[in-house]
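**Q** Got a structure here, written out as structure tokens. Questions coming.
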Amino acid sequence: MSVTAARLENSNPLIFHRAAERLITTEEQDEHLPDPIDDREIFDLIRSINDPEHPLSLEELNVVEQVRVNVNDQESTVSVEFTPTIPHCSMATLIGLSIKVKLLRSLPDRFKIDVHITPGTHASEDAVNKQLADKERVAAALENSQLLEVVNQCLSNRTL
């Protein structure tokens, strides 16, 4: 999705440093040992999602942070809060949908995934959260080929 600078809502966002890559332990590599899913593993899945307006990742824009990821492997729940860069971001639903799709595609079916806006950071937080929590709305959105193409662009690996 190509957006010109004149149409950007936040044409000069703050850019944050990426966290160091997580070191994989010997125990995590051993296929015979149980490896519970943790907050960092989920953060690693979503940190490189591309922002729909900027050639930057959600981590670089501080939209996602590890401290806003909560996993309970025993109860099979994942909760992710994301923070739009501006309070009136029109891309908030698309960003949340991209996070949710990435997790749905990456995690076992046993997980209940909750993606929502960090409280108090967006003018339409309740409406966006309601859309992201509604399975039927999410499924309908993913049946829209144009929207699915934009989500897939957000999830694709950037070529440098």
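How things are named: the first chain in the structure tokens is A, the next is B, and so on; residues count from 1 in each chain; ligands count from 1 in the order shown.
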If you run DSSP on this backbone, which residues of region 87-124 of chain A come out as strand (DSSP E), and could you give them as number ranges by chain?

**A** A: 112-117

**Q** Go ahead and write the selection's residues with all heavy atoms as a PDB file, in the first residue's frame.

**A**
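Result written to out_21.pdb:
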```
ATOM      1  N   LYS A 112      -6.491 -18.656  22.745  1.00  0.00           N
ATOM      2  CA  LYS A 112      -7.455 -17.572  22.603  1.00  0.00           C
ATOM      3  C   LYS A 112      -6.618 -16.294  22.516  1.00  0.00           C
ATOM      4  O   LYS A 112      -5.808 -16.016  23.403  1.00  0.00           O
ATOM      5  CB  LYS A 112      -8.394 -17.507  23.802  1.00  0.00           C
ATOM      6  CG  LYS A 112      -9.415 -16.385  23.684  1.00  0.00           C
ATOM      7  CD  LYS A 112     -10.300 -16.318  24.906  1.00  0.00           C
ATOM      8  CE  LYS A 112     -11.358 -15.257  24.807  1.00  0.00           C
ATOM      9  NZ  LYS A 112     -10.919 -13.934  24.432  1.00  0.00           N
ATOM     10  N   ILE A 113      -6.808 -15.539  21.453  1.00  0.00           N
ATOM     11  CA  ILE A 113      -5.978 -14.367  21.185  1.00  0.00           C
ATOM     12  C   ILE A 113      -6.811 -13.103  21.365  1.00  0.00           C
ATOM     13  O   ILE A 113      -7.858 -12.945  20.742  1.00  0.00           O
ATOM     14  CB  ILE A 113      -5.411 -14.435  19.754  1.00  0.00           C
ATOM     15  CG1 ILE A 113      -4.548 -15.682  19.601  1.00  0.00           C
ATOM     16  CG2 ILE A 113      -4.624 -13.173  19.422  1.00  0.00           C
ATOM     17  CD1 ILE A 113      -4.227 -16.037  18.159  1.00  0.00           C
ATOM     18  N   ASP A 114      -6.313 -12.220  22.226  1.00  0.00           N
ATOM     19  CA  ASP A 114      -6.957 -10.933  22.472  1.00  0.00           C
ATOM     20  C   ASP A 114      -5.981  -9.831  22.056  1.00  0.00           C
ATOM     21  O   ASP A 114      -4.895  -9.722  22.619  1.00  0.00           O
ATOM     22  CB  ASP A 114      -7.313 -10.798  23.956  1.00  0.00           C
ATOM     23  CG  ASP A 114      -7.847  -9.420  24.312  1.00  0.00           C
ATOM     24  OD1 ASP A 114      -8.578  -8.829  23.491  1.00  0.00           O
ATOM     25  OD2 ASP A 114      -7.526  -8.924  25.405  1.00  0.00           O
ATOM     26  N   VAL A 115      -6.367  -9.059  21.049  1.00  0.00           N
ATOM     27  CA  VAL A 115      -5.554  -7.921  20.591  1.00  0.00           C
ATOM     28  C   VAL A 115      -6.391  -6.674  20.805  1.00  0.00           C
ATOM     29  O   VAL A 115      -7.542  -6.606  20.356  1.00  0.00           O
ATOM     30  CB  VAL A 115      -5.170  -8.071  19.096  1.00  0.00           C
ATOM     31  CG1 VAL A 115      -4.426  -6.847  18.603  1.00  0.00           C
ATOM     32  CG2 VAL A 115      -4.343  -9.343  18.879  1.00  0.00           C
ATOM     33  N   HIS A 116      -5.812  -5.706  21.508  1.00  0.00           N
ATOM     34  CA  HIS A 116      -6.572  -4.485  21.791  1.00  0.00           C
ATOM     35  C   HIS A 116      -5.624  -3.291  21.942  1.00  0.00           C
ATOM     36  O   HIS A 116      -4.426  -3.456  22.131  1.00  0.00           O
ATOM     37  CB  HIS A 116      -7.438  -4.660  23.038  1.00  0.00           C
ATOM     38  CG  HIS A 116      -6.670  -5.055  24.252  1.00  0.00           C
ATOM     39  ND1 HIS A 116      -6.332  -6.357  24.537  1.00  0.00           N
ATOM     40  CD2 HIS A 116      -6.143  -4.319  25.260  1.00  0.00           C
ATOM     41  CE1 HIS A 116      -5.639  -6.406  25.660  1.00  0.00           C
ATOM     42  NE2 HIS A 116      -5.513  -5.176  26.117  1.00  0.00           N
ATOM     43  N   ILE A 117      -6.219  -2.124  21.867  1.00  0.00           N
ATOM     44  CA  ILE A 117      -5.472  -0.870  21.990  1.00  0.00           C
ATOM     45  C   ILE A 117      -5.148  -0.607  23.459  1.00  0.00           C
ATOM     46  O   ILE A 117      -5.981  -0.847  24.336  1.00  0.00           O
ATOM     47  CB  ILE A 117      -6.289   0.296  21.389  1.00  0.00           C
ATOM     48  CG1 ILE A 117      -6.401   0.115  19.870  1.00  0.00           C
ATOM     49  CG2 ILE A 117      -5.668   1.643  21.727  1.00  0.00           C
ATOM     50  CD1 ILE A 117      -7.238   1.160  19.180  1.00  0.00           C
TER      51      ILE A 117
END
```

**Q** Name the residues of region 75-145 of chain A that fall into alpha helix (DSSP H) according to DSSP on the backbone, using the chain letters and numbers of this document, as an NGL selection string.

**A** :A and (92-106 or 125-133 or 135-143 or 145)

**Q** Give me a file of those residues, with N, CA, C and O atoms, as a CSV table (one decimal), in the first residue's frame.

**A**
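Result file follows (part_28.csv):
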```
chain,number,residue,atom,x,y,z
A,92,ALA,N,-5.5,2.1,13.0
A,92,ALA,CA,-5.5,1.3,14.2
A,92,ALA,C,-6.1,-0.1,14.0
A,92,ALA,O,-5.6,-1.1,14.4
A,93,THR,N,-7.3,-0.1,13.3
A,93,THR,CA,-8.0,-1.4,13.1
A,93,THR,C,-7.1,-2.3,12.2
A,93,THR,O,-7.0,-3.5,12.5
A,94,LEU,N,-6.5,-1.7,11.2
A,94,LEU,CA,-5.7,-2.5,10.3
A,94,LEU,C,-4.4,-3.1,11.0
A,94,LEU,O,-4.0,-4.2,10.8
A,95,ILE,N,-3.8,-2.2,11.9
A,95,ILE,CA,-2.7,-2.7,12.7
A,95,ILE,C,-3.1,-3.8,13.6
A,95,ILE,O,-2.4,-4.9,13.7
A,96,GLY,N,-4.2,-3.6,14.3
A,96,GLY,CA,-4.7,-4.7,15.2
A,96,GLY,C,-5.0,-6.0,14.5
A,96,GLY,O,-4.7,-7.1,14.9
A,97,LEU,N,-5.6,-5.8,13.3
A,97,LEU,CA,-6.0,-7.0,12.5
A,97,LEU,C,-4.7,-7.7,12.0
A,97,LEU,O,-4.6,-8.9,12.0
A,98,SER,N,-3.7,-6.9,11.6
A,98,SER,CA,-2.4,-7.6,11.2
A,98,SER,C,-1.8,-8.3,12.4
A,98,SER,O,-1.3,-9.5,12.1
A,99,ILE,N,-1.8,-7.8,13.6
A,99,ILE,CA,-1.3,-8.5,14.7
A,99,ILE,C,-2.1,-9.8,15.0
A,99,ILE,O,-1.5,-10.9,15.2
A,100,LYS,N,-3.4,-9.6,14.9
A,100,LYS,CA,-4.2,-10.8,15.2
A,100,LYS,C,-4.0,-11.9,14.1
A,100,LYS,O,-3.9,-13.1,14.5
A,101,VAL,N,-3.9,-11.5,12.9
A,101,VAL,CA,-3.7,-12.5,11.8
A,101,VAL,C,-2.4,-13.2,12.0
A,101,VAL,O,-2.3,-14.4,11.8
A,102,LYS,N,-1.3,-12.4,12.3
A,102,LYS,CA,0.0,-13.0,12.5
A,102,LYS,C,-0.1,-14.1,13.6
A,102,LYS,O,0.5,-15.2,13.4
A,103,LEU,N,-0.7,-13.8,14.7
A,103,LEU,CA,-0.8,-14.7,15.8
A,103,LEU,C,-1.7,-15.9,15.4
A,103,LEU,O,-1.4,-17.0,15.8
A,104,LEU,N,-2.8,-15.7,14.7
A,104,LEU,CA,-3.7,-16.8,14.3
A,104,LEU,C,-2.9,-17.8,13.4
A,104,LEU,O,-3.1,-19.0,13.5
A,105,ARG,N,-2.1,-17.2,12.5
A,105,ARG,CA,-1.3,-18.0,11.6
A,105,ARG,C,-0.2,-18.7,12.3
A,105,ARG,O,0.3,-19.8,11.8
A,106,SER,N,0.3,-18.2,13.4
A,106,SER,CA,1.6,-18.7,14.0
A,106,SER,C,1.4,-19.6,15.2
A,106,SER,O,2.2,-20.4,15.5
A,125,GLU,N,-10.9,3.9,20.7
A,125,GLU,CA,-10.4,2.7,21.3
A,125,GLU,C,-11.5,1.6,21.5
A,125,GLU,O,-11.3,0.5,21.1
A,126,ASP,N,-12.7,2.0,22.0
A,126,ASP,CA,-13.7,1.0,22.2
A,126,ASP,C,-14.2,0.4,20.9
A,126,ASP,O,-14.4,-0.8,20.9
A,127,ALA,N,-14.4,1.2,19.9
A,127,ALA,CA,-15.0,0.7,18.6
A,127,ALA,C,-13.9,-0.2,18.0
A,127,ALA,O,-14.3,-1.3,17.4
A,128,VAL,N,-12.7,0.2,18.0
A,128,VAL,CA,-11.6,-0.7,17.4
A,128,VAL,C,-11.5,-2.0,18.2
A,128,VAL,O,-11.5,-3.1,17.6
A,129,ASN,N,-11.5,-1.9,19.5
A,129,ASN,CA,-11.4,-3.1,20.3
A,129,ASN,C,-12.6,-4.1,20.0
A,129,ASN,O,-12.4,-5.3,20.0
A,130,LYS,N,-13.8,-3.5,19.9
A,130,LYS,CA,-15.0,-4.3,19.6
A,130,LYS,C,-14.8,-5.0,18.3
A,130,LYS,O,-15.2,-6.2,18.2
A,131,GLN,N,-14.3,-4.3,17.3
A,131,GLN,CA,-14.1,-5.0,16.0
A,131,GLN,C,-13.1,-6.1,16.1
A,131,GLN,O,-13.3,-7.2,15.5
A,132,LEU,N,-12.0,-5.9,16.7
A,132,LEU,CA,-10.9,-6.9,16.8
A,132,LEU,C,-11.4,-8.1,17.7
A,132,LEU,O,-10.9,-9.2,17.5
A,133,ALA,N,-12.3,-7.9,18.6
A,133,ALA,CA,-12.7,-9.0,19.5
A,133,ALA,C,-13.9,-9.8,18.8
A,133,ALA,O,-14.1,-10.9,19.3
A,135,LYS,N,-15.2,-12.3,16.3
A,135,LYS,CA,-14.7,-13.3,15.4
A,135,LYS,C,-15.3,-13.2,14.0
A,135,LYS,O,-14.6,-13.4,13.0
A,136,GLU,N,-16.6,-12.9,14.0
A,136,GLU,CA,-17.3,-12.8,12.7
A,136,GLU,C,-16.8,-11.6,11.9
A,136,GLU,O,-16.6,-11.7,10.6
A,137,ARG,N,-16.6,-10.5,12.5
A,137,ARG,CA,-16.0,-9.3,11.8
A,137,ARG,C,-14.6,-9.5,11.3
A,137,ARG,O,-14.3,-9.1,10.2
A,138,VAL,N,-13.8,-10.2,12.1
A,138,VAL,CA,-12.4,-10.5,11.7
A,138,VAL,C,-12.5,-11.4,10.5
A,138,VAL,O,-11.8,-11.2,9.5
A,139,ALA,N,-13.3,-12.5,10.6
A,139,ALA,CA,-13.4,-13.4,9.4
A,139,ALA,C,-13.9,-12.7,8.2
A,139,ALA,O,-13.4,-13.0,7.1
A,140,ALA,N,-14.9,-11.9,8.3
A,140,ALA,CA,-15.5,-11.1,7.2
A,140,ALA,C,-14.4,-10.2,6.6
A,140,ALA,O,-14.3,-10.1,5.3
A,141,ALA,N,-13.6,-9.6,7.4
A,141,ALA,CA,-12.5,-8.7,6.9
A,141,ALA,C,-11.5,-9.5,6.1
A,141,ALA,O,-11.0,-9.0,5.1
A,142,LEU,N,-11.2,-10.7,6.6
A,142,LEU,CA,-10.2,-11.5,5.9
A,142,LEU,C,-10.8,-12.1,4.6
A,142,LEU,O,-10.0,-12.7,3.8
A,143,GLU,N,-12.1,-12.1,4.4
A,143,GLU,CA,-12.7,-12.5,3.1
A,143,GLU,C,-12.6,-11.4,2.1
A,143,GLU,O,-12.8,-11.7,0.9
A,145,SER,N,-10.7,-9.5,-0.3
A,145,SER,CA,-9.4,-9.7,-1.0
A,145,SER,C,-8.5,-8.5,-0.9
A,145,SER,O,-7.3,-8.6,-0.7
```

**Q** Could you check how far CA of Met91 (chain A) sits from CA of Arg110 (chain A), in Å to one decimal?

**A**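 One can read the CA of Met91 (chain A) to CA of Arg110 (chain A) distance as 28.6 Å.
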
**Q** Can you pull out the residues contacting Thr118 (chain A)? Cut-off 8 Å, using only C-alpha atoms, and skip same-chain residues under 3 positions away; I want them as an NGL selection string.

**A** :A and (81-83 or 121-122)

**Q** I need the chosen residues saved as a PDB file, in the first residue's frame, with N, CA and C atoms.

**A**
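For reference, again-v8.pdb as written:
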```pdb
ATOM      1  N   GLU A  81      -1.492  -5.704  23.794  1.00  0.00           N
ATOM      2  CA  GLU A  81      -1.923  -4.310  23.703  1.00  0.00           C
ATOM      3  C   GLU A  81      -1.002  -3.623  22.706  1.00  0.00           C
ATOM      4  N   PHE A  82      -1.577  -2.815  21.834  1.00  0.00           N
ATOM      5  CA  PHE A  82      -0.749  -2.025  20.926  1.00  0.00           C
ATOM      6  C   PHE A  82      -1.125  -0.563  21.066  1.00  0.00           C
ATOM      7  N   THR A  83      -0.148   0.305  20.797  1.00  0.00           N
ATOM      8  CA  THR A  83      -0.324   1.738  21.011  1.00  0.00           C
ATOM      9  C   THR A  83      -0.143   2.473  19.684  1.00  0.00           C
ATOM     10  N   THR A 121      -5.149   5.489  24.696  1.00  0.00           N
ATOM     11  CA  THR A 121      -4.212   5.963  23.676  1.00  0.00           C
ATOM     12  C   THR A 121      -4.847   6.228  22.312  1.00  0.00           C
ATOM     13  N   HIS A 122      -6.149   6.004  22.166  1.00  0.00           N
ATOM     14  CA  HIS A 122      -6.788   6.219  20.865  1.00  0.00           C
ATOM     15  C   HIS A 122      -8.210   6.729  21.058  1.00  0.00           C
TER      16      HIS A 122
END
```

**Q** Between CA of Arg68 (chain A) and CA of Cys89 (chain A), what is the spacing in Å?

**A**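 Separation between CA of Cys89 (chain A) and CA of Arg68 (chain A): 19.0 Å.
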
**Q** Using only C-alpha atoms, pick whichever of A:Asn62, A:Gln74, A:Ser90, A:Thr85 has the shortest atom-to-atom distance to Asp35 (chain A).

**A**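 With only C-alpha atoms as the atom set, the closest residue is A:Gln74.
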
**Q** To one decimal in Å, tell me the separation between CA of Ile86 (chain A) and CA of Leu56 (chain A).

**A**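 Between CA of Ile86 (chain A) and CA of Leu56 (chain A) the gap is 15.4 Å.
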
**Q** Compare A:Val78, A:Ile42, A:Leu148, A:Leu155 by their minimum atom-to-atom distance to Gln66 (chain A), counting only C-alpha atoms, and give me the closest one.

**A** A:Ile42
